[in-house]
$ cat target_13.cif   # mmCIF, C-alpha atoms and all ligand atoms
data_run
#
loop_
_atom_site.label_atom_id
_atom_site.label_comp_id
_atom_site.auth_asym_id
_atom_site.auth_seq_id
_atom_site.Cartn_x
_atom_site.Cartn_y
_atom_site.Cartn_z
CA MET A 1 -15.57 -13.65 22.63
CA ALA A 2 -13.91 -11.44 20.06
CA THR A 3 -11.01 -9.45 21.46
CA ARG A 4 -10.75 -5.95 19.99
CA VAL A 5 -7.43 -4.48 18.91
CA LYS A 6 -6.22 -0.93 19.37
CA ILE A 7 -2.93 0.06 17.78
CA CYS A 8 -1.59 3.13 19.55
CA GLY A 9 0.96 5.75 18.55
CA ILE A 10 0.00 6.17 14.90
CA THR A 11 1.92 9.14 13.50
CA SER A 12 1.13 9.13 9.77
CA ALA A 13 -1.66 8.45 7.29
CA ASN A 14 0.46 5.66 5.81
CA ASP A 15 0.77 3.85 9.16
CA ALA A 16 -2.95 4.38 9.75
CA GLN A 17 -3.85 2.74 6.45
CA GLN A 18 -1.54 -0.18 7.18
CA ALA A 19 -3.05 -0.60 10.66
CA GLN A 20 -6.52 -0.54 9.15
CA ALA A 21 -5.49 -3.08 6.50
CA ALA A 22 -4.10 -5.29 9.27
CA GLY A 23 -7.57 -5.25 10.85
CA ALA A 24 -7.19 -2.89 13.80
CA ASP A 25 -10.48 -1.85 15.42
CA ALA A 26 -9.08 1.36 16.90
CA LEU A 27 -6.10 3.66 16.33
CA GLY A 28 -4.48 5.74 19.05
CA LEU A 29 -3.15 9.25 18.46
CA VAL A 30 -0.75 10.50 21.13
CA PHE A 31 -1.17 14.19 21.95
CA TYR A 32 1.49 14.09 24.67
CA PRO A 33 4.33 16.34 23.48
CA ASP A 34 7.08 14.41 25.33
CA SER A 35 6.28 11.16 23.51
CA PRO A 36 8.29 10.03 20.46
CA ARG A 37 4.82 9.16 19.09
CA TYR A 38 3.44 12.70 19.43
CA ILE A 39 1.25 13.74 16.53
CA ASP A 40 0.23 17.33 15.81
CA PRO A 41 -3.39 18.19 15.00
CA LEU A 42 -2.76 18.65 11.26
CA ALA A 43 -1.16 15.22 10.86
CA ALA A 44 -3.92 13.77 13.06
CA LEU A 45 -6.50 15.19 10.67
CA GLU A 46 -4.70 13.46 7.77
CA VAL A 47 -4.87 10.19 9.72
CA ALA A 48 -8.60 10.70 10.33
CA GLU A 49 -9.18 11.28 6.63
CA ALA A 50 -7.13 8.21 5.66
CA VAL A 51 -9.26 5.64 7.50
CA GLY A 52 -12.79 4.35 7.05
CA PRO A 53 -15.83 5.16 9.17
CA PHE A 54 -15.77 2.05 11.37
CA VAL A 55 -12.27 2.54 12.77
CA THR A 56 -12.39 4.18 16.21
CA LEU A 57 -10.01 7.12 16.57
CA VAL A 58 -8.70 7.52 20.13
CA GLY A 59 -6.94 10.67 21.34
CA LEU A 60 -4.42 10.03 24.14
CA PHE A 61 -3.60 12.78 26.65
CA VAL A 62 -1.26 12.98 29.65
CA ASP A 63 -2.13 15.74 32.10
CA ALA A 64 -3.03 18.19 29.34
CA THR A 65 -4.97 21.33 30.29
CA GLU A 66 -8.67 21.66 29.52
CA ALA A 67 -7.81 24.19 26.80
CA GLU A 68 -5.28 21.82 25.20
CA VAL A 69 -7.74 18.94 25.09
CA ASN A 70 -10.47 21.18 23.68
CA ARG A 71 -8.09 22.55 21.04
CA ILE A 72 -7.54 18.99 19.75
CA VAL A 73 -11.17 17.89 20.10
CA GLU A 74 -12.29 20.89 18.03
CA ARG A 75 -9.83 20.09 15.20
CA VAL A 76 -9.65 16.29 15.04
CA PRO A 77 -12.73 14.02 14.71
CA LEU A 78 -11.85 11.79 17.68
CA ASN A 79 -14.36 9.13 18.75
CA LEU A 80 -12.89 8.55 22.19
CA LEU A 81 -10.44 10.16 24.64
CA GLN A 82 -7.84 8.21 26.61
CA PHE A 83 -6.52 9.86 29.77
CA HIS A 84 -3.15 8.41 30.72
CA GLY A 85 -1.95 10.81 33.44
CA ASN A 86 -3.33 11.87 36.80
CA GLU A 87 -6.48 13.56 35.51
CA PRO A 88 -9.34 13.51 38.05
CA PRO A 89 -12.69 11.92 37.11
CA GLU A 90 -14.58 15.20 36.76
CA PHE A 91 -11.92 16.51 34.34
CA CYS A 92 -12.06 13.33 32.22
CA ALA A 93 -15.86 13.51 32.02
CA SER A 94 -15.98 17.20 31.09
CA PHE A 95 -15.37 16.92 27.34
CA SER A 96 -17.78 16.33 24.51
CA ARG A 97 -16.39 12.83 23.90
CA PRO A 98 -16.57 9.53 25.80
CA TYR A 99 -13.38 8.50 27.54
CA ILE A 100 -11.39 5.53 28.80
CA ARG A 101 -9.11 5.81 31.84
CA ALA A 102 -5.61 4.36 31.86
CA LEU A 103 -4.66 2.79 35.18
CA ARG A 104 -1.01 1.96 35.72
CA MET A 105 -0.67 -1.29 37.68
CA ARG A 106 1.78 -0.19 40.36
CA GLU A 107 2.12 -2.32 43.50
CA GLY A 108 -0.59 -1.48 46.01
CA LEU A 109 -2.96 0.09 43.49
CA ASN A 110 -6.57 -0.24 44.68
CA LEU A 111 -8.01 -1.08 41.28
CA GLY A 112 -11.59 -1.34 42.55
CA ALA A 113 -11.47 2.12 44.10
CA ALA A 114 -9.82 3.61 41.01
CA MET A 115 -12.53 2.16 38.77
CA SER A 116 -15.34 3.23 41.11
CA ALA A 117 -14.06 6.80 41.02
CA HIS A 118 -14.48 6.91 37.23
CA GLN A 119 -18.17 6.11 36.96
CA HIS A 120 -18.42 7.88 33.61
CA ALA A 121 -15.50 6.06 31.97
CA ARG A 122 -16.45 3.80 29.07
CA GLY A 123 -13.66 1.40 29.97
CA PHE A 124 -10.31 1.04 31.70
CA LEU A 125 -6.93 0.49 30.08
CA LEU A 126 -4.54 -1.40 32.35
CA ASP A 127 -0.89 -0.60 31.66
CA ALA A 128 2.43 -1.42 33.31
CA TYR A 129 3.77 1.01 35.91
CA VAL A 130 7.22 2.46 35.26
CA PRO A 131 8.16 5.32 37.62
CA GLY A 132 8.57 8.64 35.83
CA ILE A 133 7.28 7.46 32.43
CA PRO A 134 3.53 7.69 31.83
CA GLY A 135 3.27 5.01 29.13
CA GLY A 136 4.52 3.55 25.89
CA THR A 137 7.32 1.92 27.90
CA GLY A 138 7.28 -1.58 26.43
CA ALA A 139 7.05 -2.90 29.99
CA ARG A 140 4.47 -5.54 30.91
CA PHE A 141 2.87 -6.40 34.23
CA ASP A 142 1.62 -9.65 35.74
CA TRP A 143 -1.39 -10.44 33.54
CA SER A 144 -2.95 -12.58 36.28
CA ARG A 145 -3.65 -9.30 38.14
CA VAL A 146 -6.35 -8.42 35.60
CA PRO A 147 -9.71 -8.92 37.35
CA GLN A 148 -12.20 -11.23 35.67
CA ILE A 149 -15.13 -9.14 36.86
CA ALA A 150 -15.08 -5.38 36.31
CA PRO A 151 -17.70 -2.64 36.04
CA LYS A 152 -16.57 -1.66 32.53
CA PRO A 153 -14.64 -3.27 29.64
CA LEU A 154 -10.92 -3.75 30.31
CA VAL A 155 -8.20 -3.04 27.76
CA LEU A 156 -4.89 -4.83 28.35
CA ALA A 157 -1.76 -2.83 27.46
CA GLY A 158 1.93 -2.77 28.24
CA GLY A 159 4.67 -4.65 26.45
CA LEU A 160 2.38 -6.61 24.15
CA SER A 161 3.76 -8.01 20.91
CA PRO A 162 2.80 -10.51 18.17
CA GLU A 163 4.75 -13.14 20.12
CA ASN A 164 3.11 -12.73 23.54
CA VAL A 165 -0.40 -11.42 22.87
CA ALA A 166 -2.04 -14.87 22.64
CA GLU A 167 -0.66 -15.85 26.04
CA ALA A 168 -1.70 -12.47 27.47
CA ILE A 169 -5.28 -12.97 26.26
CA SER A 170 -5.45 -16.51 27.56
CA ILE A 171 -4.47 -15.31 31.05
CA ALA A 172 -6.13 -11.90 31.30
CA ARG A 173 -9.22 -12.45 29.08
CA PRO A 174 -9.47 -8.73 28.34
CA TRP A 175 -12.19 -7.05 26.30
CA ALA A 176 -9.48 -5.50 24.10
CA VAL A 177 -5.71 -5.29 23.73
CA ASP A 178 -3.64 -2.20 23.04
CA VAL A 179 -0.17 -2.23 21.51
CA SER A 180 2.35 0.41 20.59
CA GLY A 181 6.08 -0.37 20.78
CA GLY A 182 5.60 -4.07 20.00
CA VAL A 183 4.56 -3.33 16.41
CA GLU A 184 7.15 -0.65 15.58
CA VAL A 185 10.28 -0.43 13.44
CA SER A 186 11.45 2.42 15.68
CA PRO A 187 9.58 4.69 18.16
CA GLY A 188 6.77 6.37 16.23
CA VAL A 189 7.11 4.29 13.06
CA LYS A 190 4.89 1.25 12.72
CA ASP A 191 5.84 -2.01 10.98
CA ALA A 192 3.12 -3.27 8.61
CA GLU A 193 4.07 -6.94 9.00
CA LYS A 194 4.24 -6.74 12.81
CA MET A 195 0.81 -5.08 12.91
CA ALA A 196 -0.60 -7.82 10.67
CA SER A 197 1.02 -10.57 12.82
CA PHE A 198 -0.33 -8.97 15.98
CA VAL A 199 -3.92 -8.80 14.69
CA ARG A 200 -3.64 -12.37 13.30
CA ALA A 201 -2.46 -13.63 16.69
CA VAL A 202 -5.44 -11.96 18.38
CA ARG A 203 -7.90 -13.30 15.78
CA ASP A 204 -6.46 -16.82 16.19
CA THR A 205 -7.16 -16.73 19.92
CA ARG A 206 -10.69 -15.66 19.04
CA LEU A 207 -11.06 -18.80 16.87
CA ALA A 208 -9.60 -20.92 19.66
CA ALA A 209 -12.07 -19.46 22.16
CA ALA A 210 -14.96 -20.15 19.77
CA GLY A 211 -14.03 -23.85 19.51
CA PRO A 212 -12.77 -26.10 16.72
CA VAL A 213 -13.16 -24.86 13.16
CA ASP A 214 -14.14 -27.15 10.25
CA LYS A 215 -11.48 -27.27 7.59
O1 LIG B 301 2.82 5.58 23.34
C1 LIG B 301 3.29 6.48 24.03
O2 LIG B 301 4.30 7.10 23.69
C2 LIG B 301 2.61 6.88 25.30
C3 LIG B 301 3.06 8.00 25.96
C4 LIG B 301 2.45 8.39 27.14
C5 LIG B 301 1.41 7.67 27.67
C6 LIG B 301 0.96 6.53 27.02
C7 LIG B 301 1.55 6.12 25.85
N1 LIG B 301 1.14 4.97 25.20
C8 LIG B 301 0.24 4.01 25.76
O3 LIG B 301 0.99 3.03 26.48
C9 LIG B 301 0.54 1.74 26.12
C10 LIG B 301 1.63 0.71 26.25
O4 LIG B 301 2.64 0.94 25.28
P1 LIG B 301 3.61 -0.26 24.82
O5 LIG B 301 2.77 -1.20 23.99
O6 LIG B 301 4.13 -0.89 26.06
O7 LIG B 301 4.67 0.40 23.99
C11 LIG B 301 0.09 1.91 24.70
O8 LIG B 301 -0.77 0.90 24.33
C12 LIG B 301 -0.52 3.28 24.69
O9 LIG B 301 -1.91 3.23 25.02
#

$ encode --input "target_13.cif" --output "structure tokens" --more "lines below"
Ligand SMILES: O=C(O)c1ccccc1N[C@@H]1O[C@H](COP(=O)(O)O)[C@@H](O)[C@H]1O
Amino acid sequence: MATRVKICGITSANDAQQAQAAGADALGLVFYPDSPRYIDPLAALEVAEAVGPFVTLVGLFVDATEAEVNRIVERVPLNLLQFHGNEPPEFCASFSRPYIRALRMREGLNLGAAMSAHQHARGFLLDAYVPGIPGGTGARFDWSRVPQIAPKPLVLAGGLSPENVAEAISIARPWAVDVSGGVEVSPGVKDAEKMASFVRAVRDTRLAAAGPVDK
């Protein structure tokens, strides 16, 4: 099965075009002001205008207010929202966009219950848990904890890189992978070659899963 790729933390039209050229299926825009990858609505609009119609634009929020989310949704043509804080299900489902829910894989998390609570989520993004930091940490979790049966598509995130993504896919078998820090030159600035290597590594696992290829 083809594994989709989301590259998160895009902060410029240039990085967006390079991510698109690398073959990313989705780009993440971080509207969390404390992140080094924060993007303001004007720059986000430039990103939206720099990419083609089949690239999914995902807006990431961490415990933003309803008014803050609506302010972004009204200005930026986002296809999907990603809630990465402690937002309750009814809040996540209250906007005029579909959403995915980030679940941080802390010890003792009841993943089944967390997923059941978000019946309207389009998917779940599983990220590493680092106390006090909501995401974009570069930390990974034990990929064998990813369930093989889930009510919605699962997106694997947390500490992925061009070097480890093939192994991560072979263990977790996710519907998609999400990377941020692993394809950067510095926080908030993407590296074109790392993005290309990351997508290549994912595509190669896709070929491997499909069986031998005639040369
Ligand atoms: O990227 C951020 O700065 C960020 C801030 C707050 C919440 C989530 C954030 N990013 C998400 O975290 C995952 C994992 O990042 P990394 O690959 O370990 O650097 C990333 O895919 C984003 O979805």

$ residues_near_ligand --input "target_13.cif" --ligand "ligand LIG 301 (chain B)" --cutoff "7 Å" --atoms "all atoms listed in the file" --output "MDAnalysis selection string"
chainID A and resid 7:9 28 30 32 35:37 62 84 127 134:140 157:160 178:182

$ residues_around --input "target_13.cif" --residues "A:Val185" --least-positions-apart "5" --cutoff "9 Å" --atoms "all atoms listed in the file" --output "list of chain:residue names"
A:Lys190, A:Asp191, A:Lys194

$ closest_residue --input "target_13.cif" --among "A:Leu78, A:Leu45, A:Leu156, A:Ala2" --to "A:Val202" --atoms "all atoms listed in the file"
A:Ala2

$ closest_residue --input "target_13.cif" --among "A:Pro77, A:Asn86, A:Ile100, A:Met105" --to "A:Val130" --atoms "only C-alpha atoms"
A:Met105

$ residues_around --input "target_13.cif" --residues "A:Asn79" --least-positions-apart "6" --cutoff "7 Å" --atoms "all atoms listed in the file" --output "JSON, numbers by chain"
{"A": [56, 57, 58, 97]}

$ atom_distance --input "target_13.cif" --atom1 "atom CA of A:Val155" --atom2 "atom CA of A:Ala176"
4.6 Å

$ closest_residue --input "target_13.cif" --among "A:Ala121, A:Leu126, A:Leu80, A:Cys92" --to "A:Pro147" --atoms "only C-alpha atoms"
A:Leu126

$ atom_distance --input "target_13.cif" --atom1 "atom CA of A:Ser186" --atom2 "atom CA of A:Ala168"
23.1 Å

$ closest_residue --input "target_13.cif" --among "A:Pro162, A:Pro33, A:Gly112, A:Pro131" --to "A:Met195" --atoms "only C-alpha atoms"
A:Pro162

$ residues_around --input "target_13.cif" --residues "A:Gln18" --least-positions-apart "6" --cutoff "12 Å" --atoms "all atoms listed in the file" --output "number ranges by chain"
A: 7, 10-12, 24, 27, 47, 50-51, 183, 189-196, 199

$ atom_distance --input "target_13.cif" --atom1 "atom CA of A:Leu154" --atom2 "atom CA of A:Ala67"
28.3 Å
